[in-house]
Amino acid sequence: MTVAVFPGSFDPITLGHLNIIERAAAVFDKVVVCVIGNSEKRYMFTEEQRLAFAKKAVSHLENVEAQAHTGLLTDFMASVDSTLLVKGVRNAQDMDYEYMMERANKTLREDIEVMYLFSDPEFIHVSSTTTREMIKYNKKLDCYLPSSVIEEMQNIQ
């Protein structure tokens, strides 16, 4: 069974993320969305909230699950018996960053492979950063977030 890991801080998970997850789910036996923490980063949402959003967003996909992890991604991959990362890329800047991360991860585990999926055009502008700004200023979110995540946000506010 091929297990792919799709990591991110998902603060919050967006339609762009979900597009990549759905496409990966069509290719791999199992996809694990890893809501990963970074002690150097300030989040709008807690780890518990980010995980809840991710679980809601992927609940319609039978072969996808979401888990939280604090620590190194390579350790998480070992815990779910995976050597495959799926990374979403919107532009050349994303590609440069993700390639550097790939090289760093390979210093820890040489057996890791990375599959890059390019964003569908309608999601190129969607990022968690932009979405947080829309949330902050009470703007319409339906072109940024899955409806299940919008509903979950309303439950916590």
# chains A, B, ... in the order shown; residues from 1 in each chain; ligands from 1

call {"tool": "select_by_dssp", "arguments": {"residues": "chain A", "states": "alpha helix (DSSP H)", "output": "PyMOL selection string"}}
result
chain A and resi 15-25+47-58+73-79+92-108+128-136+147-156

call {"tool": "residues_around", "arguments": {"residues": "Val126 (chain A)", "least_positions_apart": "6", "cutoff": "9 Å", "atoms": "only C-alpha atoms", "output": "PDB file with N, CA and C atoms, in the first residue's frame"}}
result
ATOM      1  N   THR A  14      -7.005  25.375   3.139  1.00  0.00           N
ATOM      2  CA  THR A  14      -7.726  26.150   2.117  1.00  0.00           C
ATOM      3  C   THR A  14      -8.251  25.246   0.997  1.00  0.00           C
ATOM      4  N   LEU A  15      -9.000  25.860   0.103  1.00  0.00           N
ATOM      5  CA  LEU A  15      -9.456  25.134  -1.085  1.00  0.00           C
ATOM      6  C   LEU A  15      -8.280  24.698  -1.949  1.00  0.00           C
ATOM      7  N   GLY A  16      -7.217  25.483  -1.962  1.00  0.00           N
ATOM      8  CA  GLY A  16      -6.011  25.087  -2.696  1.00  0.00           C
ATOM      9  C   GLY A  16      -5.400  23.826  -2.123  1.00  0.00           C
ATOM     10  N   HIS A  17      -5.304  23.763  -0.793  1.00  0.00           N
ATOM     11  CA  HIS A  17      -4.809  22.538  -0.151  1.00  0.00           C
ATOM     12  C   HIS A  17      -5.711  21.359  -0.488  1.00  0.00           C
ATOM     13  N   ARG A  90       2.356  26.546  -6.246  1.00  0.00           N
ATOM     14  CA  ARG A  90       1.584  27.558  -6.970  1.00  0.00           C
ATOM     15  C   ARG A  90       2.419  28.337  -7.970  1.00  0.00           C
ATOM     16  N   CYS A 143     -14.482  31.512  -1.451  1.00  0.00           N
ATOM     17  CA  CYS A 143     -13.533  31.218  -2.540  1.00  0.00           C
ATOM     18  C   CYS A 143     -12.146  30.878  -1.986  1.00  0.00           C
ATOM     19  N   TYR A 144     -12.016  30.803  -0.660  1.00  0.00           N
ATOM     20  CA  TYR A 144     -10.746  30.466  -0.015  1.00  0.00           C
ATOM     21  C   TYR A 144     -10.809  29.172   0.803  1.00  0.00           C
TER      22      TYR A 144
END

call {"tool": "closest_residue", "arguments": {"among": "A:Leu72, A:Met115, A:Ile150, A:Ala54", "to": "Asn38 (chain A)", "atoms": "only C-alpha atoms"}}
result
A:Leu72

call {"tool": "select_by_dssp", "arguments": {"residues": "region 20-115 of chain A", "states": "strand (DSSP E or B)", "output": "PyMOL selection string"}}
result
chain A and resi 30-37+64-70+84-89+113-115

call {"tool": "atom_distance", "arguments": {"atom1": "CA of Thr2 (chain A)", "atom2": "CA of Val33 (chain A)"}}
result
14.2 Å

call {"tool": "atom_distance", "arguments": {"atom1": "CA of Phe6 (chain A)", "atom2": "CA of Val86 (chain A)"}}
result
5.0 Å

call {"tool": "residues_around", "arguments": {"residues": "region 97-103 of chain A", "least_positions_apart": "2", "cutoff": "10 Å", "atoms": "only C-alpha atoms", "output": "ChimeraX atom specification"}}
result
/A:85,87-89,92-95,105-110,112-114,116

call {"tool": "closest_residue", "arguments": {"among": "A:Thr131, A:Ser39, A:Gln49, A:Asn19", "to": "Thr70 (chain A)", "atoms": "only C-alpha atoms"}}
result
A:Ser39

call {"tool": "closest_residue", "arguments": {"among": "A:Glu151, A:Glu62, A:Asp11, A:Asp96", "to": "Ala26 (chain A)", "atoms": "only C-alpha atoms"}}
result
A:Glu62

call {"tool": "closest_residue", "arguments": {"among": "A:Ile20, A:Ile13, A:Ala25, A:Leu73", "to": "Met153 (chain A)", "atoms": "only C-alpha atoms"}}
result
A:Ile13

call {"tool": "atom_distance", "arguments": {"atom1": "CA of Leu84 (chain A)", "atom2": "CA of Lys30 (chain A)"}}
result
10.9 Å
